[in-house]
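Data file: protein20.cif. Format and content: mmCIF, C-alpha atoms, pLDDT in the B column; chains and numbers go by the auth columns.
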data_my_file
loop_
_atom_site.group_PDB
_atom_site.id
_atom_site.type_symbol
_atom_site.label_atom_id
_atom_site.label_comp_id
_atom_site.label_asym_id
_atom_site.label_seq_id
_atom_site.Cartn_x
_atom_site.Cartn_y
_atom_site.Cartn_z
_atom_site.B_iso_or_equiv
_atom_site.auth_seq_id
_atom_site.auth_asym_id
ATOM 1 C CA MET A 1 -7.520 5.316 -2.587 44.00 14 A
ATOM 2 C CA GLU A 2 -7.846 8.106 -0.134 51.00 15 A
ATOM 3 C CA GLU A 3 -5.586 7.259 2.799 67.00 16 A
ATOM 4 C CA ARG A 4 -2.256 5.659 3.487 86.00 17 A
ATOM 5 C CA ALA A 5 -1.967 2.158 4.849 95.00 18 A
ATOM 6 C CA GLU A 6 -1.555 1.565 8.556 97.00 19 A
ATOM 7 C CA THR A 7 1.616 -0.300 9.522 97.00 20 A
ATOM 8 C CA VAL A 8 1.203 -3.352 11.757 98.00 21 A
ATOM 9 C CA ASP A 9 3.911 -5.742 12.950 97.00 22 A
ATOM 10 C CA ALA A 10 3.444 -9.429 12.103 98.00 23 A
ATOM 11 C CA THR A 11 2.869 -10.510 15.699 97.00 24 A
ATOM 12 C CA THR A 12 0.074 -7.971 16.164 98.00 25 A
ATOM 13 C CA ALA A 13 -1.390 -8.845 12.755 98.00 26 A
ATOM 14 C CA ARG A 14 -1.468 -12.530 13.700 98.00 27 A
ATOM 15 C CA ALA A 15 -3.265 -11.763 16.959 98.00 28 A
ATOM 16 C CA ARG A 16 -5.729 -9.340 15.345 98.00 29 A
ATOM 17 C CA LEU A 17 -6.194 -10.920 11.911 98.00 30 A
ATOM 18 C CA GLY A 18 -9.997 -11.108 12.161 98.00 31 A
ATOM 19 C CA ASP A 19 -10.197 -7.436 13.095 98.00 32 A
ATOM 20 C CA LEU A 20 -7.789 -6.407 10.312 98.00 33 A
ATOM 21 C CA LEU A 21 -9.745 -8.398 7.734 98.00 34 A
ATOM 22 C CA ALA A 22 -13.053 -6.864 8.837 98.00 35 A
ATOM 23 C CA ARG A 23 -11.602 -3.347 8.766 97.00 36 A
ATOM 24 C CA ALA A 24 -10.119 -3.979 5.312 97.00 37 A
ATOM 25 C CA ARG A 25 -13.234 -5.601 3.890 96.00 38 A
ATOM 26 C CA TYR A 26 -15.929 -3.390 5.370 96.00 39 A
ATOM 27 C CA GLY A 27 -14.045 -0.221 6.248 96.00 40 A
ATOM 28 C CA GLY A 28 -11.813 0.131 3.208 95.00 41 A
ATOM 29 C CA ARG A 29 -8.688 0.166 5.373 97.00 42 A
ATOM 30 C CA ARG A 30 -5.271 -1.029 4.209 97.00 43 A
ATOM 31 C CA PHE A 31 -2.496 -2.492 6.322 98.00 44 A
ATOM 32 C CA VAL A 32 1.202 -3.045 5.653 98.00 45 A
ATOM 33 C CA ILE A 33 2.383 -6.017 7.677 98.00 46 A
ATOM 34 C CA GLN A 34 5.986 -5.724 8.801 98.00 47 A
ATOM 35 C CA GLN A 35 8.276 -8.582 9.678 97.00 48 A
ATOM 36 C CA ARG A 36 11.434 -7.657 11.583 96.00 49 A
ATOM 37 C CA GLY A 37 10.784 -4.015 10.699 95.00 50 A
ATOM 38 C CA ASP A 38 10.539 -4.571 6.936 97.00 51 A
ATOM 39 C CA PRO A 39 7.340 -4.487 4.859 97.00 52 A
ATOM 40 C CA ALA A 40 6.331 -8.092 4.124 98.00 53 A
ATOM 41 C CA ALA A 41 2.708 -8.084 2.963 97.00 54 A
ATOM 42 C CA VAL A 42 -0.387 -5.957 2.487 98.00 55 A
ATOM 43 C CA VAL A 43 -3.912 -6.586 3.718 98.00 56 A
ATOM 44 C CA MET A 44 -6.647 -4.834 1.768 97.00 57 A
ATOM 45 C CA GLY A 45 -10.241 -5.496 0.865 97.00 58 A
ATOM 46 C CA TYR A 46 -10.892 -7.630 -2.192 97.00 59 A
ATOM 47 C CA GLU A 47 -12.732 -4.800 -3.980 95.00 60 A
ATOM 48 C CA ASP A 48 -9.682 -2.558 -3.497 95.00 61 A
ATOM 49 C CA TYR A 49 -7.487 -5.355 -4.836 96.00 62 A
ATOM 50 C CA GLN A 50 -9.687 -5.770 -7.921 97.00 63 A
ATOM 51 C CA ALA A 51 -9.605 -2.014 -8.572 95.00 64 A
ATOM 52 C CA LEU A 52 -5.827 -1.977 -8.172 95.00 65 A
ATOM 53 C CA MET A 53 -5.386 -4.885 -10.597 95.00 66 A
ATOM 54 C CA ALA A 54 -7.679 -3.208 -13.168 94.00 67 A
ATOM 55 C CA LEU A 55 -5.639 -0.005 -12.874 94.00 68 A
ATOM 56 C CA LEU A 56 -2.406 -1.960 -13.271 93.00 69 A
ATOM 57 C CA GLU A 57 -3.742 -3.653 -16.407 92.00 70 A
ATOM 58 C CA ASP A 58 -4.762 -0.275 -17.846 91.00 71 A
ATOM 59 C CA LEU A 59 -1.302 1.134 -17.114 92.00 72 A
ATOM 60 C CA GLU A 60 0.343 -1.872 -18.770 91.00 73 A
ATOM 61 C CA ASP A 61 -1.831 -1.285 -21.852 87.00 74 A
ATOM 62 C CA VAL A 62 -0.741 2.372 -21.960 88.00 75 A
ATOM 63 C CA ARG A 63 2.905 1.313 -21.594 89.00 76 A
ATOM 64 C CA ASP A 64 2.491 -1.170 -24.451 84.00 77 A
ATOM 65 C CA MET A 65 0.907 1.512 -26.636 84.00 78 A
ATOM 66 C CA LEU A 66 3.701 3.971 -25.906 86.00 79 A
ATOM 67 C CA GLU A 67 6.381 1.354 -26.579 85.00 80 A
ATOM 68 C CA SER A 68 4.786 0.511 -29.919 81.00 81 A
ATOM 69 C CA ALA A 69 4.166 4.115 -30.991 78.00 82 A
ATOM 70 C CA ASP A 70 6.866 3.926 -33.691 81.00 83 A
ATOM 71 C CA GLU A 71 5.631 0.594 -35.060 77.00 84 A
ATOM 72 C CA PRO A 72 3.414 0.598 -38.155 80.00 85 A
ATOM 73 C CA ALA A 73 -0.305 0.122 -37.598 77.00 86 A
ATOM 74 C CA ARG A 74 -1.668 -3.401 -37.975 79.00 87 A
ATOM 75 C CA PRO A 75 -5.043 -5.090 -37.739 83.00 88 A
ATOM 76 C CA LEU A 76 -6.511 -5.511 -34.273 82.00 89 A
ATOM 77 C CA ASN A 77 -6.886 -9.286 -34.691 86.00 90 A
ATOM 78 C CA GLU A 78 -3.098 -9.610 -35.258 85.00 91 A
ATOM 79 C CA TYR A 79 -2.365 -7.569 -32.134 80.00 92 A
ATOM 80 C CA LEU A 80 -4.807 -9.593 -30.025 86.00 93 A
ATOM 81 C CA ALA A 81 -3.455 -12.891 -31.387 88.00 94 A
ATOM 82 C CA GLU A 82 0.046 -11.846 -30.353 85.00 95 A
ATOM 83 C CA ARG A 83 -1.240 -11.232 -26.821 83.00 96 A
ATOM 84 C CA GLY A 84 -3.134 -14.524 -26.776 84.00 97 A
ATOM 85 C CA GLU A 85 -6.489 -12.774 -26.761 79.00 98 A
ATOM 86 C CA HIS A 86 -9.377 -12.671 -29.167 69.00 99 A
ATOM 87 C CA ARG A 87 -12.407 -10.493 -29.658 67.00 100 A
ATOM 88 C CA ALA A 88 -15.693 -11.751 -31.060 64.00 101 A
ATOM 89 C CA GLY A 89 -16.300 -10.572 -34.592 59.00 102 A
ATOM 90 C CA VAL A 90 -12.666 -9.589 -35.194 48.00 103 A
#

Would you kindly transcribe this structure into structure tokens?
Amino acid sequence: MEERAETVDATTARARLGDLLARARYGGRRFVIQQRGDPAAVVMGYEDYQALMALLEDLEDVRDMLESADEPARPLNEYLAERGEHRAGV
């Protein structure tokens, strides 16, 4: 994530949506869409979105680990069951 997002007002974004999508998808650009001067939405390529969501999930896992640092250790299958997950062979 090397550069800041370009700010575009909603009217311009509506008129240039195809161009913004192409620049986001193929050029790695990001756009903050403003409505009445306030940030309202973000346009980014799907690969950037996937990377951002993976990073967010990793950060949530770290937060969970830090919050549970004082809790006694327990089997992985109990932890995963609590989260509604399961791992083959566990």

What are the nearest atom pairs, with distances in Å to one decimal, for all residues of segment 44-74 of chain A that come at most 7 Å from segment 17-36 of chain A, using all atoms listed in the file, set out by chain and rising residue number as JSON lines?
{"residue": "A:Phe44", "atom": "CA", "partner": "A:Glu19", "partner_atom": "CA", "distance": 4.7}
{"residue": "A:Val45", "atom": "CA", "partner": "A:Thr20", "partner_atom": "CA", "distance": 4.8}
{"residue": "A:Ile46", "atom": "CA", "partner": "A:Val21", "partner_atom": "CA", "distance": 5.0}
{"residue": "A:Gln47", "atom": "CA", "partner": "A:Asp22", "partner_atom": "CA", "distance": 4.6}
{"residue": "A:Gln48", "atom": "CA", "partner": "A:Ala23", "partner_atom": "CA", "distance": 5.5}

* Determine the nearest neighbour of Tyr59 of chain A from the options A:Arg43, A:Ser81, A:Val75, A:Ala94, counting only C-alpha atoms. => A:Arg43

* To do: Have a look at atom CA of Arg42 of chain A and atom CA of Asp61 of chain A and let me know their distance in Å, one decimal.
  => 9.3 Å

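Taking atom CA of Ala64 of chain A and atom CA of Arg96 of chain A as the two end points, the separation is 22.1 Å.
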
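Interatomic distance, atom CA of Tyr92 of chain A to atom CA of Leu72 of chain A: 17.4 Å.
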
Given 4 Å on each side, where is the centre and what are the edge lengths in Å to one decimal of the axis-aligned box enclosing the listed atoms of segment 43-62 of chain A, as JSON?
{"center_x": -0.6, "center_y": -4.8, "center_z": 3.4, "size_x": 32.2, "size_y": 15.6, "size_z": 24.4}
